[in-house]
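Undergrad: The structure's right below; bear with me while I get my questions together.
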Amino acid sequence: MSYATNLLMTLPELVLSIGAIALMMVAAWGGQGVTRAIGWASVAVLIGAGVALGMSTGGDAFAGLYKADAFAVFGKVLVYSAAAVAILMAPGFFARTAGDDLRPEYPVLILLSAVGMGMMVSAGDLLTLYVGLELQSLAAYVLASFMRRDTRSAEAGLKYFVLGALASGILLYGISLVYGFSGTTLFDSIATAYAGNHSKGLLFGLVFVFAGLAFKMSAVPFHMWTPDVYEGAPTPVTAFFGSAPKVAAILLTVRVAVEAMGPAQLEWRQIVIFASLASIVLGAAGAIGQSNIKRLLAYSSINNVGFALIGLAAGTPQGVSAVLVYMAIYIVMTLGSFLIVLQMKDAEGRHIEEVASLSGLSRTKPYLAFALAVMMFSLAGIPPLFGFYAKFAVFWAAVQAGLFLYAAIGIALSVVGAYYYLRIIKTMYFDDPAPAFAPVESGVEGGLIAASTAFLSPLGYLAIPALAAWSLAAAKALF
């Protein structure tokens with residue numbers, strides 16, 4: 001295969017990389033005045049990368065290091081969409097935050113993070129996996145501490161960096177064990193090693209690799225960074241963390257489990273089931289007592305990772321397809337929720353993050369209350385909203401794989417976990433009104449809230465045929 005053909009397969013990453021470097025140079029010379037223009041240009045670059053997905057040829061590039069298959073395309077569409085929304089929601093937030101203006105580095109860091117996430121979902125080798133994951137993480141550390149004058153933001157960035165370095169070391173140790181006992185870092189060759197009489201060294205390598213990946217998707221017991229980082233980071237950054245990197249981490253885990261370690265399914269299924277149930281339980285229990293809406297959504301994200309992993313535990317094309325469907329619906333629920341959190345500001349324009357400030361919202365801002373109710377009911381998986389279909393898909397995949405008890409426990413825990421979502425509904429609709437929020441943004445943020453609300457309503461079920469077919473085609477690329 002020619003070098004030009006290899007490069008054509010990586011065209012989305014090339015578009016993002018060249019665009020990010022060019023915009024970084026514009027930011028260096030243009031200064032603060034070009035911030036808004038760079039934001040819109042970054043969205044255009046992400047759209048260009050999405051177009052490049054359709055132009056790049058499928059197959060394995062660079063001798064299997066990079067995979068341009070249908071699974072990668074599905075993941076990148078989700079990642080680029082979430083990254084674009086995170087860029088669009090930032091100007092309004094920073095314009096209302098005293099002392100911290102939006103700087104042009106913000107959208108550039110999002111683009112660089114998107115390059116890393118693209119490499120993650122296309123990884124065909126442990127080294128490609130690590131390079132993509134670290135590129136995404138390095139940009140994320142800076143984004144978490146983007147508000148230099150805010151001590152909470154600085155603390156969030158430091159915690160994320162320290163714990164991220166620890167997780168990176170664990171992952172590297174697992175990679176070294178897998179390489180040492182298999183003699184290769186290519187996923188296809190690693191699968192051959194696991195298909196033989198794999199040694200205990202390969203088993204330990206599997207455990208450490210999954211531990212490192214569990215940190216990146218904030219699955220229990222490697223979730224400890226999530227509430228503090230979500231609370232301390234700027235709200236648009238928190239929305240980004242809760243969507244794009246989480247999708248990339250889960251899809252990377254799916255690819256590693258199925259492609260590299262598929263023959264060891266019995267071993268990694270036990271890890272996935274434990275992490276899944278533990279994440280569902282701890283995410284629900286931790287969210288119950290939270291008074292800060294961003295911390296509550298952090299525990300909600302841990303809870304939702306647990307549900308997504310149910311599809312992976314099935315270990316079938318239908319299970320992987322269910323994971324993809326779940327993540328597609330999940331990012332809309334998450335971004336929609338954080339877009340509404342951005343509207344929580346007092347009469348003077350200061351941002352409010354307390355759940356109690358939502359009291360009586362149905363009487364002061366009925367449209368906003370309705371939109372947030374749709375998000376919360378969808379996250380809880382209550383029919384007829386579209387979030388119900390996401391949970392139904394992963395549970396049905398587990399049942400089809402014969403994991404009846406696992407599915408039954410997951411269904412029971414989903415009922416228990418609905419409590420903290422319903423508490424927000426009760427606060428908005430039944431409590432005495434708190435001081436009214438400032439007028440709701442009617443621009444880009446308002447349009448995105450309306451679009452996400454419509455998608456999660458029963459209208460979303462119209463997308464099931466296309467979404468199910470696309471996700472199943474993407475899943476079959478791994479088998």
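The chains in the structure tokens are called A, B, ... from first to last as shown; in each chain the residues are counted from 1, and the ligands are counted from 1 in the order shown.
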Mind checking which residues fall within 10 Å of Leu112 (chain A), counting only C-alpha atoms, ignoring those fewer than 4 positions away in the same chain, and posting them as a PDB file with N, CA, C and O atoms, in the first residue's frame?

TA:
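Saved file out_38.pdb follows:
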ATOM      1  N   GLU A  13      -7.748  13.126  10.671  1.00  0.00           N
ATOM      2  CA  GLU A  13      -6.736  13.597  11.634  1.00  0.00           C
ATOM      3  C   GLU A  13      -5.831  14.659  11.011  1.00  0.00           C
ATOM      4  O   GLU A  13      -5.410  15.611  11.692  1.00  0.00           O
ATOM      5  N   LEU A  16      -7.751  17.977  10.995  1.00  0.00           N
ATOM      6  CA  LEU A  16      -7.796  18.557  12.342  1.00  0.00           C
ATOM      7  C   LEU A  16      -6.441  19.090  12.773  1.00  0.00           C
ATOM      8  O   LEU A  16      -6.343  20.173  13.356  1.00  0.00           O
ATOM      9  N   SER A  17      -5.381  18.332  12.506  1.00  0.00           N
ATOM     10  CA  SER A  17      -4.039  18.744  12.929  1.00  0.00           C
ATOM     11  C   SER A  17      -3.593  20.015  12.209  1.00  0.00           C
ATOM     12  O   SER A  17      -3.116  20.970  12.841  1.00  0.00           O
ATOM     13  N   ILE A  18      -3.751  20.034  10.887  1.00  0.00           N
ATOM     14  CA  ILE A  18      -3.351  21.221  10.119  1.00  0.00           C
ATOM     15  C   ILE A  18      -4.210  22.415  10.517  1.00  0.00           C
ATOM     16  O   ILE A  18      -3.710  23.534  10.694  1.00  0.00           O
ATOM     17  N   GLY A  19      -5.518  22.185  10.681  1.00  0.00           N
ATOM     18  CA  GLY A  19      -6.403  23.269  11.099  1.00  0.00           C
ATOM     19  C   GLY A  19      -6.042  23.816  12.463  1.00  0.00           C
ATOM     20  O   GLY A  19      -6.023  25.035  12.666  1.00  0.00           O
ATOM     21  N   ALA A  20      -5.733  22.924  13.415  1.00  0.00           N
ATOM     22  CA  ALA A  20      -5.386  23.370  14.771  1.00  0.00           C
ATOM     23  C   ALA A  20      -4.092  24.178  14.766  1.00  0.00           C
ATOM     24  O   ALA A  20      -3.993  25.224  15.428  1.00  0.00           O
ATOM     25  N   ILE A  21      -3.086  23.722  14.023  1.00  0.00           N
ATOM     26  CA  ILE A  21      -1.802  24.434  13.975  1.00  0.00           C
ATOM     27  C   ILE A  21      -1.975  25.796  13.313  1.00  0.00           C
ATOM     28  O   ILE A  21      -1.436  26.814  13.781  1.00  0.00           O
ATOM     29  N   PRO A 107     -10.672  26.820  21.636  1.00  0.00           N
ATOM     30  CA  PRO A 107     -11.086  25.941  20.533  1.00  0.00           C
ATOM     31  C   PRO A 107      -9.933  25.152  19.934  1.00  0.00           C
ATOM     32  O   PRO A 107     -10.138  24.029  19.450  1.00  0.00           O
ATOM     33  N   VAL A 108      -8.720  25.707  19.970  1.00  0.00           N
ATOM     34  CA  VAL A 108      -7.560  24.982  19.431  1.00  0.00           C
ATOM     35  C   VAL A 108      -7.271  23.738  20.271  1.00  0.00           C
ATOM     36  O   VAL A 108      -6.982  22.657  19.741  1.00  0.00           O
ATOM     37  N   GLY A 116      -6.554  13.434  19.145  1.00  0.00           N
ATOM     38  CA  GLY A 116      -6.228  12.298  20.002  1.00  0.00           C
ATOM     39  C   GLY A 116      -7.372  11.314  20.103  1.00  0.00           C
ATOM     40  O   GLY A 116      -7.162  10.090  20.053  1.00  0.00           O
ATOM     41  N   MET A 117      -8.600  11.821  20.209  1.00  0.00           N
ATOM     42  CA  MET A 117      -9.750  10.917  20.313  1.00  0.00           C
ATOM     43  C   MET A 117      -9.970  10.148  19.017  1.00  0.00           C
ATOM     44  O   MET A 117     -10.372   8.980  19.025  1.00  0.00           O
ATOM     45  N   GLY A 118      -9.690  10.805  17.885  1.00  0.00           N
ATOM     46  CA  GLY A 118      -9.779  10.099  16.611  1.00  0.00           C
ATOM     47  C   GLY A 118      -8.776   8.965  16.523  1.00  0.00           C
ATOM     48  O   GLY A 118      -9.087   7.872  16.013  1.00  0.00           O
ATOM     49  N   LEU A 135      -2.483  12.320  23.852  1.00  0.00           N
ATOM     50  CA  LEU A 135      -2.734  13.598  23.178  1.00  0.00           C
ATOM     51  C   LEU A 135      -4.062  14.179  23.638  1.00  0.00           C
ATOM     52  O   LEU A 135      -4.176  15.380  23.910  1.00  0.00           O
ATOM     53  N   GLN A 136      -5.058  13.330  23.749  1.00  0.00           N
ATOM     54  CA  GLN A 136      -6.352  13.789  24.253  1.00  0.00           C
ATOM     55  C   GLN A 136      -6.235  14.266  25.692  1.00  0.00           C
ATOM     56  O   GLN A 136      -6.774  15.313  26.062  1.00  0.00           O
ATOM     57  N   SER A 137      -5.502  13.516  26.509  1.00  0.00           N
ATOM     58  CA  SER A 137      -5.407  13.838  27.936  1.00  0.00           C
ATOM     59  C   SER A 137      -4.640  15.129  28.178  1.00  0.00           C
ATOM     60  O   SER A 137      -5.033  15.938  29.033  1.00  0.00           O
ATOM     61  N   LEU A 138      -3.547  15.351  27.456  1.00  0.00           N
ATOM     62  CA  LEU A 138      -2.744  16.560  27.671  1.00  0.00           C
ATOM     63  C   LEU A 138      -3.552  17.817  27.389  1.00  0.00           C
ATOM     64  O   LEU A 138      -3.461  18.805  28.125  1.00  0.00           O
ATOM     65  N   ALA A 139      -4.350  17.782  26.325  1.00  0.00           N
ATOM     66  CA  ALA A 139      -5.216  18.929  26.052  1.00  0.00           C
ATOM     67  C   ALA A 139      -6.276  19.069  27.136  1.00  0.00           C
ATOM     68  O   ALA A 139      -6.624  20.186  27.549  1.00  0.00           O
ATOM     69  N   ALA A 140      -6.781  17.942  27.639  1.00  0.00           N
ATOM     70  CA  ALA A 140      -7.829  17.979  28.665  1.00  0.00           C
ATOM     71  C   ALA A 140      -7.312  18.558  29.973  1.00  0.00           C
ATOM     72  O   ALA A 140      -8.056  19.270  30.674  1.00  0.00           O
TER      73      ALA A 140
END

Undergrad: Can you pull out every residue from region 126-206 of chain A that DSSP, working from the backbone, puts in alpha helix (DSSP H), and format the result as an MDAnalysis selection string?

TA: chainID A and resid 126:144 151:182 187:195 200:206

Undergrad: Skipping near chain neighbours, those fewer than 5 positions away, what residues fall within 7 Å of Ala322 (chain A) using only C-alpha atoms, listed as a PyMOL selection string?

TA: chain A and resi 311+393-394+397

Undergrad: Taking 2 positions as the minimum chain separation for residues in the same chain, which residues sit within 7 Å of Leu358 (chain A) when counting only C-alpha atoms? Answer as number ranges by chain.

TA: A: 355-356, 360-361, 427-428, 434

Undergrad: Store the residues picked out above in a file with N, CA, C and O atoms, as an mmCIF file, in the first residue's frame.

TA:
data_model
loop_
_atom_site.group_PDB
_atom_site.id
_atom_site.type_symbol
_atom_site.label_atom_id
_atom_site.label_comp_id
_atom_site.auth_asym_id
_atom_site.auth_seq_id
_atom_site.Cartn_x
_atom_site.Cartn_y
_atom_site.Cartn_z
ATOM 1 N N VAL A 355 -28.575 22.843 43.111
ATOM 2 C CA VAL A 355 -29.840 22.214 42.740
ATOM 3 C C VAL A 355 -31.016 22.997 43.316
ATOM 4 O O VAL A 355 -32.080 23.131 42.679
ATOM 5 N N ALA A 356 -30.836 23.559 44.523
ATOM 6 C CA ALA A 356 -31.923 24.305 45.178
ATOM 7 C C ALA A 356 -32.361 25.514 44.360
ATOM 8 O O ALA A 356 -33.514 25.964 44.470
ATOM 9 N N GLY A 360 -39.078 25.625 41.826
ATOM 10 C CA GLY A 360 -40.159 26.358 41.173
ATOM 11 C C GLY A 360 -39.835 26.846 39.775
ATOM 12 O O GLY A 360 -40.484 27.765 39.271
ATOM 13 N N LEU A 361 -38.851 26.243 39.121
ATOM 14 C CA LEU A 361 -38.448 26.701 37.788
ATOM 15 C C LEU A 361 -39.597 26.591 36.785
ATOM 16 O O LEU A 361 -39.668 27.360 35.833
ATOM 17 N N THR A 427 -38.093 19.171 42.504
ATOM 18 C CA THR A 427 -37.643 20.512 42.883
ATOM 19 C C THR A 427 -38.183 21.559 41.925
ATOM 20 O O THR A 427 -38.633 22.638 42.341
ATOM 21 N N MET A 428 -38.184 21.263 40.626
ATOM 22 C CA MET A 428 -38.620 22.245 39.629
ATOM 23 C C MET A 428 -40.126 22.442 39.633
ATOM 24 O O MET A 428 -40.615 23.552 39.426
ATOM 25 N N ALA A 434 -37.670 29.707 43.683
ATOM 26 C CA ALA A 434 -36.480 30.437 44.107
ATOM 27 C C ALA A 434 -36.398 31.707 43.261
ATOM 28 O O ALA A 434 -37.197 31.893 42.333
#

Undergrad: So that I can check the surroundings of Ile250 (chain A), please list as a ChimeraX atom specification every protein, DNA and RNA residue that reaches within 9 Å of it, counting only C-alpha atoms and ignoring chain neighbours fewer than 6 positions away.

TA: /A:213-214,216-217,305,308-309,323,327

Undergrad: Any chance you can output those residues with all heavy atoms as an mmCIF file, in the first residue's frame?

TA:
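Contents of selection.cif, as written:
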data_model
loop_
_atom_site.group_PDB
_atom_site.id
_atom_site.type_symbol
_atom_site.label_atom_id
_atom_site.label_comp_id
_atom_site.auth_asym_id
_atom_site.auth_seq_id
_atom_site.Cartn_x
_atom_site.Cartn_y
_atom_site.Cartn_z
ATOM 1 N N LEU A 213 -7.747 1.924 31.177
ATOM 2 C CA LEU A 213 -8.856 2.416 30.364
ATOM 3 C C LEU A 213 -10.067 2.786 31.219
ATOM 4 O O LEU A 213 -10.809 3.712 30.882
ATOM 5 C CB LEU A 213 -9.242 1.361 29.326
ATOM 6 C CG LEU A 213 -8.179 1.035 28.271
ATOM 7 C CD1 LEU A 213 -8.646 -0.088 27.367
ATOM 8 C CD2 LEU A 213 -7.839 2.275 27.447
ATOM 9 N N ALA A 214 -10.254 2.068 32.334
ATOM 10 C CA ALA A 214 -11.380 2.377 33.229
ATOM 11 C C ALA A 214 -11.255 3.788 33.800
ATOM 12 O O ALA A 214 -12.259 4.479 34.005
ATOM 13 C CB ALA A 214 -11.453 1.355 34.366
ATOM 14 N N LYS A 216 -9.977 6.377 32.239
ATOM 15 C CA LYS A 216 -10.321 7.335 31.190
ATOM 16 C C LYS A 216 -11.825 7.445 30.982
ATOM 17 O O LYS A 216 -12.318 8.501 30.577
ATOM 18 C CB LYS A 216 -9.630 6.939 29.884
ATOM 19 C CG LYS A 216 -8.105 6.988 29.962
ATOM 20 C CD LYS A 216 -7.609 8.365 30.358
ATOM 21 C CE LYS A 216 -6.106 8.417 30.507
ATOM 22 N NZ LYS A 216 -5.624 9.740 30.964
ATOM 23 N N MET A 217 -12.555 6.361 31.228
ATOM 24 C CA MET A 217 -14.012 6.460 31.073
ATOM 25 C C MET A 217 -14.700 6.616 32.423
ATOM 26 O O MET A 217 -15.918 6.528 32.517
ATOM 27 C CB MET A 217 -14.565 5.245 30.322
ATOM 28 C CG MET A 217 -14.274 3.909 30.933
ATOM 29 S SD MET A 217 -14.876 2.582 29.867
ATOM 30 C CE MET A 217 -14.216 1.143 30.718
ATOM 31 N N VAL A 305 -21.925 5.116 32.445
ATOM 32 C CA VAL A 305 -20.843 4.251 31.961
ATOM 33 C C VAL A 305 -21.139 2.805 32.331
ATOM 34 O O VAL A 305 -20.916 1.880 31.534
ATOM 35 C CB VAL A 305 -19.489 4.696 32.548
ATOM 36 C CG1 VAL A 305 -18.421 3.616 32.360
ATOM 37 C CG2 VAL A 305 -19.028 5.985 31.888
ATOM 38 N N ALA A 308 -23.606 1.427 29.856
ATOM 39 C CA ALA A 308 -22.994 1.208 28.540
ATOM 40 C C ALA A 308 -22.165 -0.068 28.522
ATOM 41 O O ALA A 308 -22.141 -0.796 27.524
ATOM 42 C CB ALA A 308 -22.140 2.408 28.161
ATOM 43 N N LEU A 309 -21.481 -0.352 29.636
ATOM 44 C CA LEU A 309 -20.626 -1.537 29.698
ATOM 45 C C LEU A 309 -21.423 -2.840 29.680
ATOM 46 O O LEU A 309 -20.862 -3.903 29.408
ATOM 47 C CB LEU A 309 -19.750 -1.485 30.955
ATOM 48 C CG LEU A 309 -18.639 -0.430 30.951
ATOM 49 C CD1 LEU A 309 -17.897 -0.435 32.283
ATOM 50 C CD2 LEU A 309 -17.652 -0.670 29.809
ATOM 51 N N VAL A 323 -23.926 -0.659 22.596
ATOM 52 C CA VAL A 323 -23.032 0.333 23.209
ATOM 53 C C VAL A 323 -22.981 1.593 22.347
ATOM 54 O O VAL A 323 -23.043 2.722 22.862
ATOM 55 C CB VAL A 323 -21.615 -0.247 23.395
ATOM 56 C CG1 VAL A 323 -20.661 0.830 23.899
ATOM 57 C CG2 VAL A 323 -21.631 -1.414 24.365
ATOM 58 N N MET A 327 -24.199 5.330 23.460
ATOM 59 C CA MET A 327 -23.336 6.509 23.515
ATOM 60 C C MET A 327 -23.857 7.622 22.624
ATOM 61 O O MET A 327 -23.712 8.810 22.953
ATOM 62 C CB MET A 327 -21.909 6.122 23.104
ATOM 63 C CG MET A 327 -21.239 5.127 24.042
ATOM 64 S SD MET A 327 -21.462 5.487 25.812
ATOM 65 C CE MET A 327 -20.654 7.080 25.980
#

Undergrad: Pick from A:Val142, A:Ala44, A:Met376, A:Met55: nearest to Thr5 (chain A), with only C-alpha atoms counted?

TA: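 For Thr5 (chain A), the nearest of the candidates is A:Met55.
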
Undergrad: For Phe204 (chain A), work out the shell of residues within 9 Å, counting only C-alpha atoms and skipping chain neighbours fewer than 6 positions away, then give it as a list in words.

TA: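 Surrounding residues, per the criterion: Gly174, Leu177 and Val178 of chain A.
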
Undergrad: With region 448-467 of chain A as the partner and 10 Å as the cut-off, tabulate the residues of region 82-145 of chain A that qualify, each row holding the nearest pair of atoms and their distance in Å to one decimal, using only C-alpha atoms, sorted by chain and rising number, as JSON lines.

TA:
{"residue": "A:Val85", "atom": "CA", "partner": "A:Leu448", "partner_atom": "CA", "distance": 8.2}
{"residue": "A:Leu88", "atom": "CA", "partner": "A:Leu448", "partner_atom": "CA", "distance": 9.5}
{"residue": "A:Met89", "atom": "CA", "partner": "A:Leu448", "partner_atom": "CA", "distance": 9.1}

Undergrad: Write out as a list in words the residues lying within 8 Å of Gly262 (chain A), counting only C-alpha atoms and excluding same-chain residues fewer than 3 positions away.

TA: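 Answer for this query is Ala191, Tyr194, Ala257, Val258, Glu259 and Gln265 of chain A.
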
Undergrad: Enumerate the residues of region 119-329 of chain A with a DSSP assignment of strand (DSSP E or B), computed from the backbone, and present them as an MDAnalysis selection string.

TA: chainID A and resid 123 125 186 292

Undergrad: Store the residues picked out above in a file with N, CA, C and O atoms, as a tab-separated table (two decimals), in the first residue's frame.

TA:
chain	number	residue	atom	x	y	z
A	123	ALA	N	-7.37	3.14	16.72
A	123	ALA	CA	-6.14	2.44	17.10
A	123	ALA	C	-6.20	0.97	16.72
A	123	ALA	O	-7.19	0.29	16.99
A	125	ASP	N	-3.16	-0.73	17.34
A	125	ASP	CA	-1.91	-1.11	17.97
A	125	ASP	C	-1.86	-0.44	19.34
A	125	ASP	O	-2.40	0.65	19.52
A	186	LEU	N	0.49	-5.18	17.99
A	186	LEU	CA	-0.64	-5.12	17.07
A	186	LEU	C	-1.83	-5.90	17.64
A	186	LEU	O	-1.66	-7.03	18.12
A	292	ASN	N	-24.77	20.21	44.34
A	292	ASN	CA	-24.23	20.91	43.17
A	292	ASN	C	-24.63	20.14	41.92
A	292	ASN	O	-24.38	18.93	41.82

Undergrad: Any idea what the distance is between CA of Thr334 (chain A) and CA of Ala72 (chain A)?

TA: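 We find that CA of Thr334 (chain A) and CA of Ala72 (chain A) lie 21.5 Å from each other.
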
Undergrad: Find, counting only C-alpha atoms, the residue in A:Ala4, A:Ala52, A:Ile424, A:Ala70 that gets nearest to Ala475 (chain A).

TA: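 Selected residue with least distance to Ala475 (chain A): A:Ala70.
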
Undergrad: Record the distance separating CA of Arg149 (chain A) and CA of Gly33 (chain A), expressed in Å with one decimal.

TA: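 Here the two named atoms are 20.4 Å from each other.
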
Undergrad: Identify which of the residues A:Ser243, A:Ser113, A:Gln343, A:Asn304 lies closest to Ser378 (chain A), counting only C-alpha atoms when measuring atom-to-atom distances.

TA: A:Asn304

Undergrad: From the options A:Ile280, A:Met261, A:Ala86, A:Ala144, which residue's atoms come nearest to Ile190 (chain A), counting only C-alpha atoms?

TA: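 Closest candidate: A:Met261.
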
Undergrad: From the set A:Leu8, A:Met120, A:Ala371, A:Val416, which residue has the shortest atom-to-atom contact distance to Pro245 (chain A), counting only C-alpha atoms?

TA: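 Closest candidate: A:Met120.
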
Undergrad: Nearest to Trp225 (chain A) among A:Gly30, A:Leu53, A:Val15, A:Gly157, with distances taken over only C-alpha atoms: which residue is it?

TA: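 Among the listed residues, A:Gly157 lies closest to Trp225 (chain A).
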